[in-house]
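Please read the structure below before turning to the comments.
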Amino acid sequence: MSNSSGDADALIHILYIDDDEGLALLLQKNLRRRGFLVEWAESGAAGLARLGEGGIDAVVLDHVLAGETGLDILPSITAMPDHPPVIYATGSDDTSIAVAALKAGADDYMLKGISADYFDLLAAALEQSLERARFRRETAQAQEVIRQQRDLAEMLLAEVNHRIANSLGLVGALIRMQSSMTTDQVAIDALHETQVRINAIASVHRRLYTNRQVGSVQVDEYLNSLLTELETSMRDDKRPHRIVLTAQPINLATDKVITLGLIVSELVTNAFKYAYPDSVPGEIRVIVDQTDETLRVIVEDDGAGFDPSSLARGTGLGTRILTAMAASLKSDFAYDPGHDGTKATLVFSLHEGK
């Protein structure tokens, strides 16, 4: 940086900490011609006090000081918030001093001298250290901007999930009100199943909102909440069944979780309705485990069994939903004909595009 204007504010401000006043004056003279304004501190305490006042761009710290070494002072400098870069200078060629200084936070290391070459090298080292410090500051500022933008995006996404969950909850409530106003059992059952499907989707958005998750949901926690609500809504004297969940803690992308929730809801609802005779208690098991890069989901019971080739007992909508959802996951979906009861197994890749 040129100093032809003689304006000290245009110069780079350097603090030189050394107990040698003669060398300090020599450094001031030579570095000023190279665009640096050098302030001298004759002790570590004086140097730290000057740094506390601010306005210093870089520090040249001597190793041998009166009653102490630069290594005693260096940790106090590097502990300062946004401290200036430090060039460690010593007349000793002992490499262990250089290693210790660099480990303690010095940006560079110089062997002291009084030749023009030394001042040129010191000026170059200062410029490089200042450039690295500028890069670190800009990087830190960019990372802070990214962090703030990410936090804002997560907050907005949480709000969106909250609103979606509330809206779906309102739709479910309207459906529940509608079912209470009809006496047609077929219509009541259809409305109830629609409400279950809506709840499977709403539950994902509630979990995304309450856990502040972005893009993924922990399957075991989600299914536990979903199946608890499903059992509460369907269990009565006619269907006194229990749902038992065994699941590993696996994170899954939101869109896949929604699809999985719809599939599990359909299978469990079917088991509740058709697996066991009226008023006979039964167990419905949901098992989720990970094998290599795939997720396996099993829904099974010990009831009357199910023939996939037979005609649907209801409208057949549930079967069409199962087929469509399984296809969207690019999964293998099949019923086990050898199981004593009904056992449906779904297997799909945990990774996108597979």
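In the structure tokens, the first chain shown is A, the next is B, and so on; residue numbers restart at 1 for each chain, and ligands run from 1 in the order shown.
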Quick check for you: according to DSSP on this backbone, which residues of segment 62-288 of chain A are classed as strand (DSSP E or B)? Reply as a PyMOL selection string. chain A and resi 62+64-65+68-69+86-90+108-111+216-218+242-247+251-253+283-288
Emit the selected residues as an mmCIF file, in the first residue's frame, including N, CA and C atoms.
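What landed in selection.cif:
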data_model
loop_
_atom_site.group_PDB
_atom_site.id
_atom_site.type_symbol
_atom_site.label_atom_id
_atom_site.label_comp_id
_atom_site.auth_asym_id
_atom_site.auth_seq_id
_atom_site.Cartn_x
_atom_site.Cartn_y
_atom_site.Cartn_z
ATOM 1 N N ASP A 62 8.239 -10.476 19.087
ATOM 2 C CA ASP A 62 9.592 -10.994 19.283
ATOM 3 C C ASP A 62 9.573 -12.144 20.286
ATOM 4 N N VAL A 64 12.285 -13.119 22.423
ATOM 5 C CA VAL A 64 12.954 -12.808 23.685
ATOM 6 C C VAL A 64 12.535 -11.420 24.146
ATOM 7 N N LEU A 65 11.819 -11.374 25.274
ATOM 8 C CA LEU A 65 11.404 -10.127 25.890
ATOM 9 C C LEU A 65 11.989 -10.055 27.295
ATOM 10 N N GLU A 68 10.359 -12.512 30.004
ATOM 11 C CA GLU A 68 9.359 -13.414 29.434
ATOM 12 C C GLU A 68 9.708 -13.696 27.978
ATOM 13 N N THR A 69 8.946 -14.522 27.348
ATOM 14 C CA THR A 69 9.120 -14.789 25.910
ATOM 15 C C THR A 69 7.815 -14.496 25.188
ATOM 16 N N VAL A 86 -0.540 -12.791 13.678
ATOM 17 C CA VAL A 86 0.718 -12.600 14.407
ATOM 18 C C VAL A 86 1.875 -13.222 13.623
ATOM 19 N N ILE A 87 2.904 -12.418 13.383
ATOM 20 C CA ILE A 87 4.166 -12.917 12.820
ATOM 21 C C ILE A 87 5.145 -13.070 13.986
ATOM 22 N N TYR A 88 5.636 -14.273 14.194
ATOM 23 C CA TYR A 88 6.545 -14.524 15.314
ATOM 24 C C TYR A 88 7.980 -14.372 14.820
ATOM 25 N N ALA A 89 8.753 -13.520 15.500
ATOM 26 C CA ALA A 89 10.117 -13.213 15.068
ATOM 27 C C ALA A 89 11.118 -13.563 16.167
ATOM 28 N N THR A 90 12.237 -14.142 15.789
ATOM 29 C CA THR A 90 13.291 -14.470 16.743
ATOM 30 C C THR A 90 14.625 -14.568 16.027
ATOM 31 N N ASP A 108 2.706 -16.872 11.024
ATOM 32 C CA ASP A 108 3.960 -17.110 10.300
ATOM 33 C C ASP A 108 5.127 -16.936 11.262
ATOM 34 N N TYR A 109 6.320 -17.278 10.769
ATOM 35 C CA TYR A 109 7.525 -17.276 11.602
ATOM 36 C C TYR A 109 8.657 -16.670 10.790
ATOM 37 N N MET A 110 9.423 -15.771 11.428
ATOM 38 C CA MET A 110 10.520 -15.102 10.737
ATOM 39 C C MET A 110 11.789 -15.134 11.584
ATOM 40 N N LEU A 111 12.942 -15.315 10.909
ATOM 41 C CA LEU A 111 14.240 -15.138 11.568
ATOM 42 C C LEU A 111 14.612 -13.669 11.479
ATOM 43 N N SER A 216 -36.765 -34.977 6.584
ATOM 44 C CA SER A 216 -36.792 -36.383 6.978
ATOM 45 C C SER A 216 -37.518 -36.547 8.305
ATOM 46 N N VAL A 217 -38.002 -37.781 8.531
ATOM 47 C CA VAL A 217 -38.742 -38.101 9.753
ATOM 48 C C VAL A 217 -38.225 -39.438 10.264
ATOM 49 N N GLN A 218 -38.129 -39.574 11.592
ATOM 50 C CA GLN A 218 -37.720 -40.846 12.188
ATOM 51 C C GLN A 218 -38.925 -41.790 12.179
ATOM 52 N N ARG A 242 -55.259 -55.144 19.426
ATOM 53 C CA ARG A 242 -54.078 -54.385 19.822
ATOM 54 C C ARG A 242 -53.089 -54.335 18.669
ATOM 55 N N ILE A 243 -52.426 -53.175 18.526
ATOM 56 C CA ILE A 243 -51.376 -53.012 17.514
ATOM 57 C C ILE A 243 -50.030 -53.016 18.239
ATOM 58 N N VAL A 244 -49.116 -53.849 17.768
ATOM 59 C CA VAL A 244 -47.786 -53.949 18.370
ATOM 60 C C VAL A 244 -46.760 -53.527 17.321
ATOM 61 N N LEU A 245 -45.988 -52.506 17.644
ATOM 62 C CA LEU A 245 -44.985 -51.984 16.710
ATOM 63 C C LEU A 245 -43.587 -52.389 17.158
ATOM 64 N N THR A 246 -42.805 -52.912 16.229
ATOM 65 C CA THR A 246 -41.373 -53.168 16.440
ATOM 66 C C THR A 246 -40.626 -52.477 15.308
ATOM 67 N N ALA A 247 -39.889 -51.421 15.641
ATOM 68 C CA ALA A 247 -39.246 -50.632 14.582
ATOM 69 C C ALA A 247 -37.896 -50.103 15.035
ATOM 70 N N ASN A 251 -34.203 -42.827 9.874
ATOM 71 C CA ASN A 251 -34.694 -41.596 9.267
ATOM 72 C C ASN A 251 -35.033 -41.840 7.808
ATOM 73 N N LEU A 252 -36.150 -41.272 7.373
ATOM 74 C CA LEU A 252 -36.618 -41.482 6.007
ATOM 75 C C LEU A 252 -37.120 -40.157 5.446
ATOM 76 N N ALA A 253 -36.895 -39.959 4.145
ATOM 77 C CA ALA A 253 -37.339 -38.734 3.477
ATOM 78 C C ALA A 253 -38.841 -38.542 3.658
ATOM 79 N N GLU A 283 -54.170 -59.605 17.735
ATOM 80 C CA GLU A 283 -52.976 -58.768 17.692
ATOM 81 C C GLU A 283 -52.616 -58.476 16.237
ATOM 82 N N ILE A 284 -52.287 -57.215 15.986
ATOM 83 C CA ILE A 284 -51.816 -56.792 14.661
ATOM 84 C C ILE A 284 -50.393 -56.274 14.844
ATOM 85 N N ARG A 285 -49.454 -56.891 14.157
ATOM 86 C CA ARG A 285 -48.044 -56.551 14.351
ATOM 87 C C ARG A 285 -47.502 -55.778 13.151
ATOM 88 N N VAL A 286 -46.778 -54.701 13.467
ATOM 89 C CA VAL A 286 -46.097 -53.911 12.440
ATOM 90 C C VAL A 286 -44.606 -53.969 12.762
ATOM 91 N N ILE A 287 -43.832 -54.450 11.808
ATOM 92 C CA ILE A 287 -42.388 -54.644 12.007
ATOM 93 C C ILE A 287 -41.638 -53.853 10.945
ATOM 94 N N VAL A 288 -40.705 -53.037 11.387
ATOM 95 C CA VAL A 288 -39.902 -52.236 10.456
ATOM 96 C C VAL A 288 -38.434 -52.466 10.778
#
Shortest interatomic distance to Met325 of chain A - which of A:Gly22, A:Gly303, A:Gly338, A:Gly261, counting only C-alpha atoms: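 Among A:Gly22, A:Gly303, A:Gly338, A:Gly261, it is A:Gly261 that comes nearest to Met325 of chain A.
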Between atom CA of Gln141 of chain A and atom CA of Met80 of chain A, measure the distance and give it in Å to one decimal. 17.8 Å
Close residues, Glu300 of chain A itself excluded, 10 Å, only C-alpha atoms, min 6 positions apart in chain, as a list in words: Leu267, Val268, Ala271, Ala275, Glu283, Ile284, Arg285, Val286, Ile287, Tyr335, Asp336, His339, Asp340, Gly341, Thr342, Lys343, Ala344 and Thr345 of chain A
Selection export as a compact mmCIF listing (two decimals), in the first residue's frame, atoms kept: N, CA and C atoms:
# COMPACT_ATOMS: atom_id res chain seq x y z
N LEU A 267 -53.18 -51.22 5.57
CA LEU A 267 -53.02 -52.62 5.98
C LEU A 267 -53.54 -52.84 7.40
N VAL A 268 -53.24 -51.94 8.30
CA VAL A 268 -53.70 -52.09 9.68
C VAL A 268 -55.22 -51.93 9.76
N ALA A 271 -56.76 -55.10 8.64
CA ALA A 271 -56.63 -56.14 9.67
C ALA A 271 -57.63 -55.92 10.79
N ALA A 275 -59.63 -59.22 10.00
CA ALA A 275 -58.77 -60.34 10.41
C ALA A 275 -59.46 -61.27 11.42
N GLU A 283 -54.17 -59.61 17.73
CA GLU A 283 -52.98 -58.77 17.69
C GLU A 283 -52.62 -58.48 16.24
N ILE A 284 -52.29 -57.22 15.99
CA ILE A 284 -51.82 -56.79 14.66
C ILE A 284 -50.39 -56.27 14.84
N ARG A 285 -49.45 -56.89 14.16
CA ARG A 285 -48.04 -56.55 14.35
C ARG A 285 -47.50 -55.78 13.15
N VAL A 286 -46.78 -54.70 13.47
CA VAL A 286 -46.10 -53.91 12.44
C VAL A 286 -44.61 -53.97 12.76
N ILE A 287 -43.83 -54.45 11.81
CA ILE A 287 -42.39 -54.64 12.01
C ILE A 287 -41.64 -53.85 10.95
N TYR A 335 -48.01 -60.54 -0.45
CA TYR A 335 -48.60 -61.26 0.67
C TYR A 335 -47.96 -62.64 0.77
N ASP A 336 -47.74 -63.10 2.00
CA ASP A 336 -47.13 -64.41 2.24
C ASP A 336 -48.23 -65.46 2.32
N HIS A 339 -48.28 -67.89 5.50
CA HIS A 339 -48.47 -67.38 6.86
C HIS A 339 -49.85 -67.75 7.39
N ASP A 340 -49.90 -68.14 8.67
CA ASP A 340 -51.16 -68.50 9.31
C ASP A 340 -51.87 -67.21 9.73
N GLY A 341 -52.61 -66.64 8.82
CA GLY A 341 -53.23 -65.34 8.99
C GLY A 341 -52.92 -64.52 7.75
N THR A 342 -52.72 -63.23 7.93
CA THR A 342 -52.34 -62.36 6.80
C THR A 342 -51.01 -61.72 7.11
N LYS A 343 -50.11 -61.75 6.13
CA LYS A 343 -48.79 -61.14 6.29
C LYS A 343 -48.43 -60.44 4.98
N ALA A 344 -48.34 -59.11 5.06
CA ALA A 344 -47.96 -58.30 3.90
C ALA A 344 -46.56 -57.75 4.14
N THR A 345 -45.71 -57.85 3.12
CA THR A 345 -44.34 -57.38 3.24
C THR A 345 -44.04 -56.36 2.15
If I take atom CA of Ser309 of chain A and atom CA of Thr259 of chain A, how far is one from the other in Å, to one decimal?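 Between atom CA of Ser309 of chain A and atom CA of Thr259 of chain A the gap is 23.6 Å.
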From the DSSP assignment of the backbone, select every residue of segment 116-241 of chain A that is helix (DSSP H, G or I), and format the answer as a VMD selection string. chain A and resid 116 to 180 185 to 210 219 to 234
Please provide the set of residues having any atom within 12 Å of Pro277 of chain A, restricted to only C-alpha atoms, with same-chain residues fewer than 2 positions apart removed, written as a list of chain:residue names.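 Returned residues: A:Asp237, A:Lys238, A:Arg239, A:Pro240, A:His241, A:Ala271, A:Phe272, A:Lys273, A:Tyr274, A:Ala275, A:Ser279, A:Val280, A:Pro281, A:Gly282, A:Asp302, A:Gly303, A:Ala304, A:Gly305.
If you measure from each of A:Ser43, A:Gln290, A:Gln195, A:Ser129 to Ser179 of chain A using only C-alpha atoms, the closest one turns out to be A:Gln195.
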Tell me which protein, DNA and RNA residues are within 12 Å of Glu229 of chain A, counting only C-alpha atoms, leaving out same-chain ones fewer than 2 positions away, and put them as an NGL selection string. :A and (195-197 or 199-200 or 202-203 or 222-227 or 231-235 or 242-243 or 265 or 268-269)
Name the residues in contact with Thr254 of chain A at a cut-off of 6 Å, using only C-alpha atoms, excluding same-chain residues fewer than 2 positions from it; report them as a PyMOL selection string. chain A and resi 215-216+256-257
Can those selected residues be exported to a file as a PDB file, in the first residue's frame so that it contains N, CA and C atoms?
ATOM      1  N   GLY A 215     -36.945 -32.228   5.982  1.00  0.00           N
ATOM      2  CA  GLY A 215     -36.722 -33.192   4.911  1.00  0.00           C
ATOM      3  C   GLY A 215     -36.765 -34.648   5.297  1.00  0.00           C
ATOM      4  N   SER A 216     -36.765 -34.977   6.584  1.00  0.00           N
ATOM      5  CA  SER A 216     -36.792 -36.383   6.978  1.00  0.00           C
ATOM      6  C   SER A 216     -37.518 -36.547   8.305  1.00  0.00           C
ATOM      7  N   LYS A 256     -41.373 -40.185   1.304  1.00  0.00           N
ATOM      8  CA  LYS A 256     -41.466 -41.630   1.485  1.00  0.00           C
ATOM      9  C   LYS A 256     -42.200 -41.987   2.780  1.00  0.00           C
ATOM     10  N   VAL A 257     -42.019 -41.170   3.810  1.00  0.00           N
ATOM     11  CA  VAL A 257     -42.712 -41.423   5.079  1.00  0.00           C
ATOM     12  C   VAL A 257     -44.218 -41.288   4.892  1.00  0.00           C
TER      13      VAL A 257
END
Nearest residue to Gly35 of chain A out of A:Ala125, A:Leu329, A:Leu11, A:Gln185, using only C-alpha atoms?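 Checking each candidate against Gly35 of chain A, we get A:Leu11 as the closest.
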Quick one: residues within 8 Å of Val347 of chain A, only C-alpha atoms, excluding same-chain residues fewer than 3 positions away - as an MDAnalysis selection string? chainID A and resid 294:297 331:333
